[in-house]
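**Student:** I'd like to ask you about the structure that follows.
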Amino acid sequence: MRGGVIPAALQLTSTPAAAVLHAIRVSGPVTRDQLASTTGLSAATINRQVHALAAHGLIAERPDLAGPKTIGRPKNPLTIDRDSLCVAGMHIGARRAVLVIADLGGRTLHSHAVLTPSGDQQKAIEQLCEQLAELAGRFSGRRLLWGGVAVGGAVDAETGVVNHRVLGWHQLAVGATLAARLDTPVSVCEHVEAMAAAELLLAGPRDESGTGLFFYARETAGMAMTLEGRVHVPERGAGTIAHLPVSAPVLAPGLTRVRLQNVIGDDAALAAAERLGIDPDSSRIVDERARVLGEAVALIRDVINPDAIVVAGDAFSAHPRGLAPVQAAFDEASTLEWPLEIAPSRFGVHVQESAAVVVALSVIYADPIAAVATL
């Protein structure tokens with residue numbers, strides 16, 4: 001198989017091959033003995049998985065990294081292959097798209113942003129796919145394994161078909177178009193779910209047990225939930241928090257029903273600044289936006305009562321005092337007794353980039369031998 005659409009696998013998995021690849025990727029260079037200690041797998045299972053992963057070119061034995069020689073069989077360290085493989089991904093936003101090439105470990109090799117095309121939907125997606133294919137072509141010395149798309153709107157993960165109201169896309173075959181252009185398997189995922197998956201799969205070690213909420217707010221707002229190391233993907237698509245009722249007399253005066261979507265994004269800030277004759281970065285505007293976001297996050301927190309909350313997007317990060325005003329509004333609004341600290345995404349301004357990369361890598365990380373054997 002070369003092309004085709006494969007649903008993303010937004011979770012940490014415990015299959016032996018996945019566990020060994022994950023341990024090597026996160027902690028490498030590591031020896032087989034260290035892998036046995038980290039994964040809890042037997043020495044025989046470790047050896048089988050290492051042999052299979054190496055046979056498919058995913059990891060490499062590195063005698064050059066071995067320590068001083070000791071009695072017995074040399075304990076050569078193992079690393080993932082960061083030099084021979086790559087994946088291609090794109091995050092399609094309402095105004096711009098981020099195109100990225102990354103190695104097997106999720107490290108970005110190159111990325112750049114382009115304007116999201118408007119007009120005819122098929123021409124728009126073909127243009128983006130062409131640009132990503134051209135970028136991938138610059139890395140012809142590497143084997144391209146997979147393509148990934150993170151996009152807002154309603155995504156059918158099985159078919160890669162997207163409906164995006166803001167972009168005016170209806171039943172657009174995003175996955176099939178990119179798969180045909182790259183001649184690789186492609187996964188397509190709702191973008192906030194992909195961002196939450198990046199926190200699980202691409203960032204450094206963190207306690208992923210329990211329940212987590214991931215919030216994103218920029219020109220649009222979204223939320224995803226993680227459960228015991230996997231992103232919850234509703235069967236009928238992602239829900240929305242854009243309709244949450246908020247109080248925003250500065251950003252949205254006079255509206256009888258103010259929703260979260262009415263007060264985030266540049267347009268809301270610019271309109272308020274023009275109406276009031278102040279700068280869009282005025283404290284009146286940024287303070288109110290921070291309060292609204294903190295209260296909205298608190299509302300969902302009180303319903304679900306998660307163990308952790310992570311936030312990302314310019315609406316959260318634009319305040320001169322960072323997340324402090326959001327946290328203060330959250331603390332004031334939440335009715336639960338125990339405190340909970342809101343954490344920023346570990347990817348910062350590169351959160352869209354990380355979303356695209358993790359969609360392209362998730363199936364490989366979930367079942368590396370099966371995924372690569374089909375290519």
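If you're wondering about the labels, chains in the structure tokens are A, B, ... by order shown, residues count from 1 in each chain, ligands from 1 in order shown.
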When you look at Val30 (chain A) with a cut-off of 9 Å (counting only C-alpha atoms), what residues show up, excluding the ones that are within fewer than 5 positions of it in the same chain? I need them as a list of chain:residue names.
**Tutor:**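 Those residues are A:Ala23, A:Ile24, A:Leu35, A:Asn76, A:Pro77, A:Leu78, A:Thr79.
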**Student:** List the neighbours of Gln11 (chain A) out to 10 Å using only C-alpha atoms; skip same-chain residues closer than 5 positions along the sequence, and give me the result as a PyMOL selection string.
**Tutor:** chain A and resi 196-198+200-201+226-232+362-363+365-366
**Student:** Between CA of His51 (chain A) and CA of Val20 (chain A), what is the spacing in Å?
**Tutor:** 11.0 Å
**Student:** As JSON, numbers by chain, please: every residue in region 151-368 of chain A that DSSP puts in strand (DSSP E or B).
**Tutor:** {"A": [151, 154, 155, 156, 161, 162, 163, 164, 169, 170, 171, 172, 173, 186, 187, 188, 189, 190, 211, 212, 213, 214, 215, 216, 217, 221, 222, 223, 224, 225, 226, 227, 230, 231, 245, 259, 308, 309, 310, 311, 312, 342, 343, 344]}
**Student:** Applying 7 Å and only C-alpha atoms, which residues near region 311-325 of chain A remain after dropping the ones on its own chain fewer than 4 positions away? List them as an MDAnalysis selection string.
**Tutor:** chainID A and resid 214:218 264:265 286 290:291 329 343:345
**Student:** Which residue out of A:Val297, A:Val310, A:Leu53, A:Leu99 has the minimum interatomic distance to Phe347 (chain A) when only C-alpha atoms are used?
**Tutor:** A:Val310
**Student:** When you count only C-alpha atoms, which of these residues is closest to Gly57 (chain A): A:Leu182, A:Cys86, A:Ile278, A:Leu41?
**Tutor:**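 So, comparing all the options, the nearest one is A:Cys86.
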**Student:** For Gly239 (chain A), find every residue with an atom within 10 Å (counting only C-alpha atoms), except residues of its own chain fewer than 6 positions away, and show them as a ChimeraX atom specification.
**Tutor:** /A:153-154,222-224,233
**Student:** Identify, on the basis of only C-alpha atoms, every residue whose closest approach to Leu109 (chain A) does not exceed 12 Å; exclude the query and any residue fewer than 6 positions from it along the same chain; express the result as a PyMOL selection string.
**Tutor:** chain A and resi 82-83+85-89+99-103+135-136+138-139+142+353+357
**Student:** Just to confirm, what's the straight-line distance from CA of Thr116 (chain A) to CA of Val359 (chain A) in Å (one decimal)?
**Tutor:**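 Result for CA of Thr116 (chain A) versus CA of Val359 (chain A): 19.1 Å, one decimal.
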**Student:** For Ala54 (chain A), which residue among A:Leu260, A:Ala268, A:Ala203, A:Ile80 is the nearest when counting only C-alpha atoms?
**Tutor:**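 Among the listed residues, the smallest separation from Ala54 (chain A) belongs to A:Ile80.
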**Student:** Can you list every residue in region 149-362 of chain A that DSSP puts in helix (DSSP H, G or I), as a PyMOL selection string?
**Tutor:** chain A and resi 174-182+191-201+260-262+266-276+283-304+314-317+324-333+348-362
